[in-house]
>>> print(open('target_18.pdb').read())   # PDB, C-alpha atoms
MODEL        1
ATOM      1  CA  MET M  79     -11.711   1.610  -8.126
ATOM      2  CA  ASN M  80      -9.925  -1.640  -8.799
ATOM      3  CA  PRO M  81     -12.079  -3.617 -11.246
ATOM      4  CA  ASP M  82     -11.515  -7.026  -9.631
ATOM      5  CA  PHE M  83     -11.427  -6.448  -5.907
ATOM      6  CA  LYS M  84     -13.936  -5.198  -3.409
ATOM      7  CA  ILE M  85     -11.791  -2.514  -1.794
ATOM      8  CA  ILE M  86     -12.721  -0.323   1.102
ATOM      9  CA  PHE M  87     -10.091   2.239   1.998
ATOM     10  CA  ASP M  88      -9.555   2.148   5.751
ATOM     11  CA  GLU M  89      -8.349   5.655   6.557
ATOM     12  CA  GLU M  90      -7.546   4.978  10.215
ATOM     13  CA  ARG M  91      -5.696   1.754   9.516
ATOM     14  CA  ALA M  92      -3.859   3.230   6.519
ATOM     15  CA  VAL M  93      -2.739   6.393   8.335
ATOM     16  CA  ASN M  94      -1.595   4.371  11.343
ATOM     17  CA  ALA M  95       0.255   1.955   9.058
ATOM     18  CA  VAL M  96       2.037   4.970   7.534
ATOM     19  CA  LEU M  97       2.887   6.341  10.991
ATOM     20  CA  TYR M  98       4.192   2.937  12.033
ATOM     21  CA  VAL M  99       6.307   2.545   8.893
ATOM     22  CA  ILE M 100       7.846   6.020   9.044
ATOM     23  CA  SER M 101       8.707   5.527  12.715
ATOM     24  CA  LYS M 102      10.859   2.548  11.657
ATOM     25  CA  LEU M 103      12.542   3.956   8.537
ATOM     26  CA  SER M 104      15.635   6.096   8.301
ATOM     27  CA  ARG M 105      14.714   7.235   4.746
ATOM     28  CA  LYS M 106      11.112   8.467   5.042
ATOM     29  CA  ASP M 107      10.351   9.460   1.461
ATOM     30  CA  PHE M 108       7.104   8.799  -0.367
ATOM     31  CA  HIS M 109       8.716   6.181  -2.612
ATOM     32  CA  LYS M 110      10.110   4.030   0.212
ATOM     33  CA  ILE M 111       6.907   4.250   2.254
ATOM     34  CA  PHE M 112       4.769   3.316  -0.757
ATOM     35  CA  LYS M 113       6.907   0.283  -1.573
ATOM     36  CA  ILE M 114       6.989  -0.970   2.040
ATOM     37  CA  LEU M 115       3.188  -0.685   2.138
ATOM     38  CA  PHE M 116       2.798  -2.356  -1.275
ATOM     39  CA  PHE M 117       4.827  -5.399  -0.281
ATOM     40  CA  ALA M 118       3.077  -5.628   3.111
ATOM     41  CA  ASP M 119      -0.374  -5.271   1.503
ATOM     42  CA  ARG M 120       0.494  -7.862  -1.137
ATOM     43  CA  GLU M 121       1.634 -10.446   1.409
ATOM     44  CA  HIS M 122      -1.269  -9.707   3.764
ATOM     45  CA  LEU M 123      -3.700 -10.230   0.883
ATOM     46  CA  LEU M 124      -2.082 -13.575   0.107
ATOM     47  CA  ARG M 125      -2.073 -14.780   3.703
ATOM     48  CA  TYR M 126      -5.281 -13.279   5.118
ATOM     49  CA  GLY M 127      -7.534 -12.333   2.188
ATOM     50  CA  ARG M 128      -7.387  -8.576   2.700
ATOM     51  CA  THR M 129      -4.882  -5.778   2.390
ATOM     52  CA  ILE M 130      -3.780  -3.693   5.367
ATOM     53  CA  THR M 131      -4.597  -0.263   3.956
ATOM     54  CA  GLY M 132      -7.551  -1.056   1.717
ATOM     55  CA  ASP M 133      -5.910   1.144  -0.903
ATOM     56  CA  ASN M 134      -5.744   0.570  -4.650
ATOM     57  CA  TYR M 135      -2.290   0.636  -6.216
ATOM     58  CA  ILE M 136      -1.644   2.639  -9.362
ATOM     59  CA  ALA M 137       1.068   1.585 -11.836
ATOM     60  CA  MET M 138       3.285   4.648 -11.983
ATOM     61  CA  SER M 139       6.703   4.921 -13.604
ATOM     62  CA  ASP M 140       8.565   4.223 -10.353
ATOM     63  CA  GLY M 141       6.311   1.347  -9.336
ATOM     64  CA  PRO M 142       3.030   0.773  -7.500
ATOM     65  CA  VAL M 143       1.640   3.792  -5.630
ATOM     66  CA  PRO M 144      -1.285   3.642  -3.181
ATOM     67  CA  SER M 145      -3.902   5.951  -4.684
ATOM     68  CA  TYR M 146      -5.633   7.378  -1.618
ATOM     69  CA  LEU M 147      -2.464   7.664   0.435
ATOM     70  CA  TYR M 148      -0.694   9.490  -2.381
ATOM     71  CA  ASP M 149      -3.583  11.963  -2.538
ATOM     72  CA  ILE M 150      -3.328  12.398   1.242
ATOM     73  CA  PHE M 151       0.430  13.017   1.098
ATOM     74  CA  LYS M 152       0.041  15.534  -1.737
ATOM     75  CA  SER M 153      -2.756  17.293   0.139
ATOM     76  CA  VAL M 154      -0.575  17.640   3.249
ATOM     77  CA  ARG M 155       2.143  18.968   0.940
ATOM     78  CA  GLY M 156      -0.351  21.517  -0.391
ATOM     79  CA  ASN M 157      -0.931  20.327  -3.945
ATOM     80  CA  GLY M 158      -3.282  17.391  -3.596
ATOM     81  CA  TYR M 159      -6.652  16.444  -4.955
ATOM     82  CA  PHE M 160      -8.435  17.812  -1.902
ATOM     83  CA  LYS M 161      -7.656  20.500   0.659
ATOM     84  CA  ASP M 162      -6.238  19.059   3.872
ATOM     85  CA  ASN M 163      -7.801  21.543   6.338
ATOM     86  CA  GLY M 164      -5.570  20.069   9.037
ATOM     87  CA  HIS M 165      -7.217  16.661   8.997
ATOM     88  CA  PHE M 166      -4.135  14.737   7.843
ATOM     89  CA  SER M 167      -1.448  17.283   8.679
ATOM     90  CA  LYS M 168      -2.064  16.528  12.359
ATOM     91  CA  TYR M 169      -0.473  13.110  11.717
ATOM     92  CA  PHE M 170       2.539  14.080   9.649
ATOM     93  CA  SER M 171       4.132  16.845   7.636
ATOM     94  CA  VAL M 172       5.889  16.825   4.290
ATOM     95  CA  ILE M 173       9.335  18.374   4.146
ATOM     96  CA  GLU M 174      11.514  18.979   1.101
ATOM     97  CA  GLY M 175       8.647  17.936  -1.161
ATOM     98  CA  CYS M 176       8.683  14.184  -0.533
ATOM     99  CA  LEU M 177       9.869  13.358   2.984
ATOM    100  CA  LEU M 178       7.386  12.589   5.755
ATOM    101  CA  LYS M 179       7.866  13.576   9.357
ATOM    102  CA  GLU M 180       5.510  12.016  11.872
ATOM    103  CA  LYS M 181       3.789  14.319  14.343
ATOM    104  CA  MET M 182       2.442  11.515  16.510
ATOM    105  CA  GLU M 183       2.966   7.841  17.147
ATOM    106  CA  ALA M 184       0.910   5.194  15.423
ATOM    107  CA  ASN M 185      -2.132   4.034  17.347
ATOM    108  CA  LEU M 186      -1.346   0.323  17.395
ATOM    109  CA  ASP M 187      -4.922  -0.459  18.441
ATOM    110  CA  LYS M 188      -5.912   0.455  14.865
ATOM    111  CA  LEU M 189      -3.602  -2.231  13.426
ATOM    112  CA  SER M 190      -4.181  -5.952  13.851
ATOM    113  CA  LYS M 191      -1.534  -8.413  14.942
ATOM    114  CA  THR M 192      -1.302  -9.649  11.342
ATOM    115  CA  ASP M 193      -1.054  -6.056  10.032
ATOM    116  CA  LEU M 194       1.931  -5.419  12.292
ATOM    117  CA  GLU M 195       3.455  -8.782  11.422
ATOM    118  CA  GLN M 196       3.392  -8.067   7.679
ATOM    119  CA  LEU M 197       4.545  -4.468   8.109
ATOM    120  CA  ASN M 198       7.505  -5.691  10.166
ATOM    121  CA  ILE M 199       8.379  -8.365   7.601
ATOM    122  CA  SER M 200       8.222  -5.779   4.813
ATOM    123  CA  LEU M 201      10.316  -3.311   6.807
ATOM    124  CA  GLU M 202      12.921  -5.953   7.578
ATOM    125  CA  LYS M 203      13.096  -7.251   4.019
ATOM    126  CA  TYR M 204      12.912  -3.961   2.083
ATOM    127  CA  GLY M 205      13.566  -1.162   4.581
ATOM    128  CA  ASN M 206      17.305  -0.903   3.984
ATOM    129  CA  MET M 207      17.173  -1.265   0.212
ATOM    130  CA  SER M 208      18.250   1.579  -2.007
ATOM    131  CA  TRP M 209      15.755   3.536  -4.077
ATOM    132  CA  ASN M 210      16.818   1.653  -7.229
ATOM    133  CA  GLU M 211      16.717  -1.794  -5.598
ATOM    134  CA  ILE M 212      13.204  -1.426  -4.210
ATOM    135  CA  ARG M 213      12.004   0.236  -7.420
ATOM    136  CA  GLU M 214      13.228  -2.687  -9.499
ATOM    137  CA  LEU M 215      11.597  -5.255  -7.189
ATOM    138  CA  SER M 216       8.266  -3.451  -7.375
ATOM    139  CA  HIS M 217       8.210  -3.698 -11.170
ATOM    140  CA  GLY M 218       6.806  -7.224 -11.194
ATOM    141  CA  GLN M 219       4.390  -8.865 -13.588
ATOM    142  CA  ALA M 220       1.326  -7.154 -12.068
ATOM    143  CA  TRP M 221       2.911  -3.745 -12.673
ATOM    144  CA  ILE M 222       4.065  -4.770 -16.166
ATOM    145  CA  ASN M 223       0.526  -5.948 -17.074
ATOM    146  CA  THR M 224      -0.988  -2.586 -16.141
ATOM    147  CA  VAL M 225      -1.304   0.502 -18.314
ATOM    148  CA  ASN M 226       0.680   3.399 -16.853
ATOM    149  CA  ASN M 227      -1.330   5.423 -14.299
ATOM    150  CA  SER M 228      -4.043   2.744 -14.074
ATOM    151  CA  VAL M 229      -5.128   0.578 -11.158
ATOM    152  CA  ILE M 230      -3.152  -2.641 -10.768
ATOM    153  CA  SER M 231      -5.371  -5.726 -10.666
ATOM    154  CA  PHE M 232      -5.324  -7.582  -7.361
ATOM    155  CA  VAL M 233      -5.772 -10.802  -9.338
ATOM    156  CA  ASP M 234      -2.517  -9.940 -11.146
ATOM    157  CA  ILE M 235      -0.869  -9.135  -7.810
ATOM    158  CA  LEU M 236      -1.920 -12.530  -6.448
ATOM    159  CA  LYS M 237      -0.784 -14.305  -9.618
ATOM    160  CA  GLU M 238       2.548 -12.469  -9.465
ATOM    161  CA  ILE M 239       3.264 -14.036  -6.086
ATOM    162  CA  GLU M 240       2.019 -17.379  -7.359
ATOM    163  CA  ALA M 241      -1.152 -17.560  -5.306
ATOM    164  CA  ASP M 242      -2.992 -20.800  -5.838
ATOM    165  CA  THR M 243      -5.845 -20.437  -8.328
ATOM    166  CA  THR M 244      -8.094 -22.239  -5.841
ATOM    167  CA  TYR M 245      -7.404 -19.449  -3.347
ATOM    168  CA  ILE M 246      -8.163 -16.769  -5.935
ATOM    169  CA  ASP M 247     -11.398 -18.608  -6.772
ATOM    170  CA  TYR M 248     -12.230 -18.750  -3.063
ATOM    171  CA  LEU M 249     -11.793 -14.979  -2.772
ATOM    172  CA  LYS M 250     -14.065 -14.567  -5.784
ATOM    173  CA  GLU M 251     -16.691 -16.814  -4.214
ATOM    174  CA  GLN M 252     -16.538 -14.779  -1.022
ATOM    175  CA  ASN M 253     -17.240 -11.719  -3.198
ATOM    176  CA  LEU M 254     -13.840 -10.288  -2.400
ATOM    177  CA  LEU M 255     -12.820 -10.609  -6.028
ATOM    178  CA  LYS M 256     -15.469  -9.841  -8.620
ATOM    179  CA  LEU M 257     -16.674 -12.978 -10.347
ATOM    180  CA  HIS M 258     -16.539 -11.752 -13.942
ATOM    181  CA  LEU M 259     -12.746 -11.667 -14.123
ATOM    182  CA  GLN M 260     -10.379 -14.563 -14.604
TER     183      GLN M 260
ENDMDL
END
>>> encode(input="target_18.pdb", output="C-alpha cells")
Amino acid sequence: MNPDFKIIFDEERAVNAVLYVISKLSRKDFHKIFKILFFADREHLLRYGRTITGDNYIAMSDGPVPSYLYDIFKSVRGNGYFKDNGHFSKYFSVIEGCLLKEKMEANLDKLSKTDLEQLNISLEKYGNMSWNEIRELSHGQAWINTVNNSVISFVDILKEIEADTTYIDYLKEQNLLKLHLQ
C-alpha cells in the first residue's frame, strides 16, 4: 500500500477504464495501457482529489506500473499472483504475452464524466506516442525518487506536476494523504 495516500482499488472502475482505453488504442500492449492510465490517474488526482483506478503505481524499469492491474493482466495471461478462474478473462484476453484484446465494451456507467474526460485527454496526448517516447515521459521526478519495484508516493506524483502545497495539505487534512508525511 502506498504510504502516503488512502487508496482503495476500484476493480469495476479500473477494469472498465482498461476496456475503454484498449478500445481506443491501436497498440494495446501492457506498457501503453499502463502509461495512459498513469497519466490519466495523475491528472485526475490533481484536478479532483482522487485517481480513476484507485491503483498504486510501482516504479519499474520501464516506468510506473499499476500494481493491481498488472497482477490482473498477468493472471489472465496465466502467470499472475492469483488464479483468474475466469473472473477477469471474461473482460479481456492476453495474446502474444503482452497484448490485450477486449472481449466486451466498457460499461461507461462505471466511469464518471471526469474519469472519461481525463482518459480521453491522456489518450489524445499520449496514445500515438512510441514506446520510447511514452517511457521517457513517465520517468519523471516521482519515478526517480522511488526505489525500483517500490510504490511511488502520490505526494511525489503531485509535486512532480507542481501541485500547490496548499492543495496537498488540503488532501492531507481530508485524510486522503496521511498526515505524517511532508
>>> atom_distance(input="target_18.pdb", atom1="atom CA of M:Asn226", atom2="atom CA of M:Gly205")
25.4 Å
>>> residues_near_point(input="target_18.pdb", point="(1.7, -5.6, -0.7)", cutoff="10 Å", atoms="only C-alpha atoms", output="short mmCIF file (atom, residue, chain, number, x, y, z; two decimals) with C-alpha atoms, keeping the file's coordinate frame")
data_model
loop_
_atom_site.label_atom_id
_atom_site.label_comp_id
_atom_site.auth_asym_id
_atom_site.auth_seq_id
_atom_site.Cartn_x
_atom_site.Cartn_y
_atom_site.Cartn_z
CA PHE M 112 4.77 3.32 -0.76
CA LYS M 113 6.91 0.28 -1.57
CA ILE M 114 6.99 -0.97 2.04
CA LEU M 115 3.19 -0.68 2.14
CA PHE M 116 2.80 -2.36 -1.27
CA PHE M 117 4.83 -5.40 -0.28
CA ALA M 118 3.08 -5.63 3.11
CA ASP M 119 -0.37 -5.27 1.50
CA ARG M 120 0.49 -7.86 -1.14
CA GLU M 121 1.63 -10.45 1.41
CA HIS M 122 -1.27 -9.71 3.76
CA LEU M 123 -3.70 -10.23 0.88
CA LEU M 124 -2.08 -13.58 0.11
CA THR M 129 -4.88 -5.78 2.39
CA ILE M 130 -3.78 -3.69 5.37
CA THR M 131 -4.60 -0.26 3.96
CA TYR M 135 -2.29 0.64 -6.22
CA PRO M 142 3.03 0.77 -7.50
CA GLN M 196 3.39 -8.07 7.68
CA LEU M 197 4.54 -4.47 8.11
CA SER M 200 8.22 -5.78 4.81
CA SER M 216 8.27 -3.45 -7.38
CA PHE M 232 -5.32 -7.58 -7.36
CA ILE M 235 -0.87 -9.14 -7.81
CA LEU M 236 -1.92 -12.53 -6.45
#
>>> resolve_selection(input="target_18.pdb", expression="the PyMOL selection byres ((chain M and resi 141) around 12)", output="PyMOL selection string")
chain M and resi 108-114+116-117+135-140+142-144+209-222+224-230
>>> atom_distance(input="target_18.pdb", atom1="atom CA of M:Asp247", atom2="atom CA of M:Tyr146")
27.1 Å
>>> resolve_selection(input="target_18.pdb", expression="the PyMOL selection byres ((chain M and resi 168-182) around 10)", output="NGL selection string")
:M and (93-94 or 96-101 or 105-111 or 151-156 or 162-167 or 183-185)
>>> closest_residue(input="target_18.pdb", among="M:Val233, M:Met207, M:Ile150, M:Ile86", to="M:Leu103", atoms="only C-alpha atoms")
M:Met207
>>> closest_residue(input="target_18.pdb", among="M:Phe87, M:Tyr148, M:Tyr126, M:Tyr159", to="M:Leu249", atoms="all atoms listed in the file")
M:Tyr126
>>> decode(input="target_18.pdb", residues="stretch 151-173 of chain M", atoms="N, CA and C atoms", output="PDB file, in the first residue's frame")
ATOM      1  N   PHE M 151      -3.607  -8.544 -15.191  1.00  0.00           N
ATOM      2  CA  PHE M 151      -3.160  -8.881 -16.546  1.00  0.00           C
ATOM      3  C   PHE M 151      -2.333 -10.169 -16.543  1.00  0.00           C
ATOM      4  N   LYS M 152      -1.407 -10.276 -15.585  1.00  0.00           N
ATOM      5  CA  LYS M 152      -0.582 -11.489 -15.508  1.00  0.00           C
ATOM      6  C   LYS M 152      -1.433 -12.708 -15.189  1.00  0.00           C
ATOM      7  N   SER M 153      -2.443 -12.547 -14.359  1.00  0.00           N
ATOM      8  CA  SER M 153      -3.312 -13.672 -14.020  1.00  0.00           C
ATOM      9  C   SER M 153      -4.105 -14.136 -15.234  1.00  0.00           C
ATOM     10  N   VAL M 154      -4.601 -13.197 -16.037  1.00  0.00           N
ATOM     11  CA  VAL M 154      -5.300 -13.561 -17.274  1.00  0.00           C
ATOM     12  C   VAL M 154      -4.333 -14.266 -18.214  1.00  0.00           C
ATOM     13  N   ARG M 155      -3.089 -13.823 -18.203  1.00  0.00           N
ATOM     14  CA  ARG M 155      -2.048 -14.439 -19.046  1.00  0.00           C
ATOM     15  C   ARG M 155      -1.680 -15.833 -18.531  1.00  0.00           C
ATOM     16  N   GLY M 156      -1.935 -16.094 -17.253  1.00  0.00           N
ATOM     17  CA  GLY M 156      -1.675 -17.416 -16.704  1.00  0.00           C
ATOM     18  C   GLY M 156      -0.497 -17.496 -15.759  1.00  0.00           C
ATOM     19  N   ASN M 157       0.148 -16.379 -15.467  1.00  0.00           N
ATOM     20  CA  ASN M 157       1.305 -16.426 -14.578  1.00  0.00           C
ATOM     21  C   ASN M 157       1.255 -15.336 -13.513  1.00  0.00           C
ATOM     22  N   GLY M 158       0.070 -15.017 -13.055  1.00  0.00           N
ATOM     23  CA  GLY M 158      -0.081 -13.943 -12.091  1.00  0.00           C
ATOM     24  C   GLY M 158      -0.054 -14.398 -10.653  1.00  0.00           C
ATOM     25  N   TYR M 159      -0.213 -13.436  -9.794  1.00  0.00           N
ATOM     26  CA  TYR M 159      -0.198 -13.636  -8.350  1.00  0.00           C
ATOM     27  C   TYR M 159      -1.338 -14.541  -7.900  1.00  0.00           C
ATOM     28  N   PHE M 160      -2.478 -14.410  -8.540  1.00  0.00           N
ATOM     29  CA  PHE M 160      -3.633 -15.230  -8.175  1.00  0.00           C
ATOM     30  C   PHE M 160      -4.186 -15.895  -9.430  1.00  0.00           C
ATOM     31  N   LYS M 161      -4.942 -16.963  -9.231  1.00  0.00           N
ATOM     32  CA  LYS M 161      -5.548 -17.681 -10.346  1.00  0.00           C
ATOM     33  C   LYS M 161      -6.782 -16.923 -10.803  1.00  0.00           C
ATOM     34  N   ASP M 162      -6.930 -16.750 -12.095  1.00  0.00           N
ATOM     35  CA  ASP M 162      -8.017 -15.942 -12.646  1.00  0.00           C
ATOM     36  C   ASP M 162      -9.390 -16.606 -12.484  1.00  0.00           C
ATOM     37  N   ASN M 163      -9.492 -17.888 -12.709  1.00  0.00           N
ATOM     38  CA  ASN M 163     -10.772 -18.609 -12.630  1.00  0.00           C
ATOM     39  C   ASN M 163     -11.861 -17.981 -13.492  1.00  0.00           C
ATOM     40  N   GLY M 164     -11.484 -17.294 -14.538  1.00  0.00           N
ATOM     41  CA  GLY M 164     -12.452 -16.705 -15.456  1.00  0.00           C
ATOM     42  C   GLY M 164     -13.005 -15.361 -15.037  1.00  0.00           C
ATOM     43  N   HIS M 165     -12.673 -14.910 -13.846  1.00  0.00           N
ATOM     44  CA  HIS M 165     -13.229 -13.643 -13.371  1.00  0.00           C
ATOM     45  C   HIS M 165     -12.808 -12.465 -14.252  1.00  0.00           C
ATOM     46  N   PHE M 166     -11.529 -12.347 -14.555  1.00  0.00           N
ATOM     47  CA  PHE M 166     -11.058 -11.231 -15.371  1.00  0.00           C
ATOM     48  C   PHE M 166     -10.956 -11.588 -16.846  1.00  0.00           C
ATOM     49  N   SER M 167     -10.768 -12.858 -17.156  1.00  0.00           N
ATOM     50  CA  SER M 167     -10.649 -13.244 -18.562  1.00  0.00           C
ATOM     51  C   SER M 167     -11.964 -13.104 -19.319  1.00  0.00           C
ATOM     52  N   LYS M 168     -13.054 -12.821 -18.622  1.00  0.00           N
ATOM     53  CA  LYS M 168     -14.309 -12.529 -19.327  1.00  0.00           C
ATOM     54  C   LYS M 168     -14.264 -11.116 -19.937  1.00  0.00           C
ATOM     55  N   TYR M 169     -13.379 -10.265 -19.427  1.00  0.00           N
ATOM     56  CA  TYR M 169     -13.266  -8.899 -19.928  1.00  0.00           C
ATOM     57  C   TYR M 169     -12.290  -8.763 -21.087  1.00  0.00           C
ATOM     58  N   PHE M 170     -11.165  -9.465 -20.972  1.00  0.00           N
ATOM     59  CA  PHE M 170     -10.139  -9.368 -21.999  1.00  0.00           C
ATOM     60  C   PHE M 170      -9.256 -10.608 -21.968  1.00  0.00           C
ATOM     61  N   SER M 171      -8.507 -10.769 -23.050  1.00  0.00           N
ATOM     62  CA  SER M 171      -7.529 -11.851 -23.117  1.00  0.00           C
ATOM     63  C   SER M 171      -6.162 -11.243 -23.407  1.00  0.00           C
ATOM     64  N   VAL M 172      -5.136 -12.024 -23.119  1.00  0.00           N
ATOM     65  CA  VAL M 172      -3.768 -11.596 -23.383  1.00  0.00           C
ATOM     66  C   VAL M 172      -3.249 -12.457 -24.524  1.00  0.00           C
ATOM     67  N   ILE M 173      -2.780 -11.799 -25.558  1.00  0.00           N
ATOM     68  CA  ILE M 173      -2.210 -12.515 -26.703  1.00  0.00           C
ATOM     69  C   ILE M 173      -0.750 -12.099 -26.864  1.00  0.00           C
TER      70      ILE M 173
END
